[in-house]
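*Asks:* First the structure, which I've put down as structure tokens, then a few questions once you've had a look.
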Amino acid sequence: MTTIEPAKAEQDTAQQSALPSQRSTATRGTRTIGIVAVVALGWLVAFGLGFSPADRDQDESVRILYVHVPTIWLAYLAFVVTAVSSAMYLFSKKKSLGWDRAAGASAEIGVTFVAVTLAVGAMWGRLTWGVFWQWDARLTTTALLFVTYIGYLAVRRLGGSHEQRAKRSAVLGMIAVVEIPLVHFSVKMWRSLHQEATVANLDGDTKMDGLMLFSLFVGVIAFTLLYVWLMLHRTRSMAMEDLLEERGLDEALAVRRAEAAETATAATSAPPTATMKTGSDS
Amino acid sequence: MDDAGFILGSYFLTFATVALYAWRAVRSGRKVSQQVPDDEKYWL
């Protein structure tokens, strides 16, 4: 009895150490970023809906600007990160799948934010132009950007090894980013209903009230913090998903090999009855 | 506030979408985290 109990206790301890004690992707760092992001989003609501003044031309509808512009800024940032991570994967010697996961996570966040931009933009369009949608240059190129990155995410889900996924999506991630200048400068290249850039314009002249500009700045900061928080969580999740997929594949291969070995053993140990019969007939 | 429905709706839509995506990201992380031992988690 006394010899069994320590052995059992040792086994239990070994099992407990194999079990994960950390059952989330959160760390102290992500919690801090998350709290700061939520506070910043609160400030955005306060400034966007309360403190900032109404516009001379657009009146109260200008308040949509404080969520519309930061969301598309975030989408641009996310797609640039996708392209840079893709290039890092393709051109680095190590070919770390971490770059591929960063590219995938960033594209996922970018797609979510382009969807928000399009939906919120449609609401603003209804207020300022009287319609939810127009086949205008800016709107059409943004919709094209959205569809392209939906395609990118679909390509990531095609079959094959993680390396194959990384390679093909990296090529696509680097090509798709070319659309961003096309979207941004579409209002200059074609005749457009959409207004030109108020802040990020080439002449550097910002025609905006100070409090309005500050509200917009709060929005950009808040959504950028949110992006960092989401990136950390998604890349960690994706790393674990990849690990579990690899393990599942290894286990399936081991089962198949064991089955094949069993079949081979059974075939060699079985009595050669058919051959003997054939031999006696002839 | 004129056109309050569209303005508040745009804020609600933005925050609801972001909250939903964030919730899904955290939930999927928790789900897979239970199947992976701590020494495989590079961020710990």
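By order in the structure tokens, chains are A, B, ...; within a chain, residues start at 1; ligands start at 1, following the order shown.
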Need to verify the contact set: Val62 of chain A, 10 Å, only C-alpha atoms, exclusion of same-chain residues closer than 5 positions in sequence. Can you return it as an NGL selection string?
*Replies:* (:A and (48-49 or 52-57 or 68 or 124 or 127-128 or 212)) or (:B and (7))
*Asks:* As a PyMOL selection string, could you give me every residue of chain B near chain A (at most 8 Å apart, counting only C-alpha atoms)?
*Replies:* chain B and resi 1-3+6-7+10-11+13-14+17-18+21-22+25-26+28-38+41+43-44
*Asks:* Can you pull out the residues contacting Arg138 of chain A? Cut-off 7 Å, using only C-alpha atoms, and skip same-chain residues under 5 positions away; I want them as a list of chain:residue names.
*Replies:*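 Contacts, in chain order: A:Val183, A:Ser186, A:Val187, A:Ser192, A:His194.
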*Asks:* Using the selection just defined, write its residues with N, CA and C atoms as an mmCIF file, in the first residue's frame.
*Replies:*
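Output contents, as saved in part-v7.cif:
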```
data_model
loop_
_atom_site.group_PDB
_atom_site.id
_atom_site.type_symbol
_atom_site.label_atom_id
_atom_site.label_comp_id
_atom_site.auth_asym_id
_atom_site.auth_seq_id
_atom_site.Cartn_x
_atom_site.Cartn_y
_atom_site.Cartn_z
ATOM 1 N N VAL A 183 -7.429 52.619 -53.905
ATOM 2 C CA VAL A 183 -8.612 53.054 -53.143
ATOM 3 C C VAL A 183 -8.399 54.495 -52.659
ATOM 4 N N SER A 186 -8.357 57.050 -55.507
ATOM 5 C CA SER A 186 -9.460 56.924 -56.473
ATOM 6 C C SER A 186 -10.240 58.238 -56.606
ATOM 7 N N VAL A 187 -10.336 58.994 -55.501
ATOM 8 C CA VAL A 187 -11.080 60.256 -55.537
ATOM 9 C C VAL A 187 -10.357 61.324 -56.369
ATOM 10 N N SER A 192 -15.531 61.728 -58.484
ATOM 11 C CA SER A 192 -16.132 60.950 -57.400
ATOM 12 C C SER A 192 -17.074 61.787 -56.552
ATOM 13 N N HIS A 194 -17.505 60.967 -53.470
ATOM 14 C CA HIS A 194 -16.839 60.918 -52.162
ATOM 15 C C HIS A 194 -15.877 62.095 -52.019
#
```
*Asks:* Apply DSSP to the backbone of this structure and, from segment 21-231 of chain A, keep only the residues in alpha helix (DSSP H); write these as a PyMOL selection string.
*Replies:* chain A and resi 28-46+65-91+97-128+137-156+162-176+179-184+186-189+210-231
*Asks:* Can you pull out every residue within 6 Å of segment 73-75 of chain A, counting only C-alpha atoms, but drop anything in the same chain fewer than 3 positions away, and send it as a ChimeraX atom specification?
*Replies:* /A:70,78,110,113-114
*Asks:* Grab the residues selected above and save them as a short mmCIF file (atom, residue, chain, number, x, y, z; two decimals), in the first residue's frame with N, CA and C atoms.
*Replies:*
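selection-v1.cif written:
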```cif
data_model
loop_
_atom_site.label_atom_id
_atom_site.label_comp_id
_atom_site.auth_asym_id
_atom_site.auth_seq_id
_atom_site.Cartn_x
_atom_site.Cartn_y
_atom_site.Cartn_z
N PRO A 70 -11.33 56.11 -38.87
CA PRO A 70 -10.44 55.17 -38.16
C PRO A 70 -10.59 53.71 -38.61
N ALA A 78 -3.88 47.07 -41.45
CA ALA A 78 -3.93 45.61 -41.36
C ALA A 78 -3.44 44.96 -42.66
N GLY A 110 -8.51 43.08 -40.88
CA GLY A 110 -8.71 44.08 -41.94
C GLY A 110 -10.05 43.91 -42.64
N PHE A 113 -12.88 45.16 -40.55
CA PHE A 113 -12.97 46.61 -40.50
C PHE A 113 -13.38 47.25 -41.83
N VAL A 114 -13.03 46.61 -42.95
CA VAL A 114 -13.52 47.14 -44.24
C VAL A 114 -15.04 46.95 -44.31
#
```
*Asks:* Measuring atom to atom with only C-alpha atoms, identify which of A:Phe146, A:Gly34, A:Arg28, A:Ala105 is nearest to Ala19 of chain B.
*Replies:*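 Selected residue with least distance to Ala19 of chain B: A:Gly34.
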*Asks:* In Å, with one decimal, what is the gap from atom CA of Leu213 of chain A to atom CA of Ala143 of chain A?
*Replies:*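 Distance reported for this atom pair: 26.7 Å.
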*Asks:* Please provide as a list in words all residues within 10 Å of segment 147-149 of chain A, with the sequence filter that same-chain residues fewer than 5 positions apart are discarded (counting only C-alpha atoms).
*Replies:*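 Non-adjacent residues within range: Phe79, Ala107, Glu108, Gly110, Val111, Val114, Ala115, Thr141, Thr142, Ala154, Val155, Leu172, Gly173, Ala176, Val177 and Glu179 of chain A.
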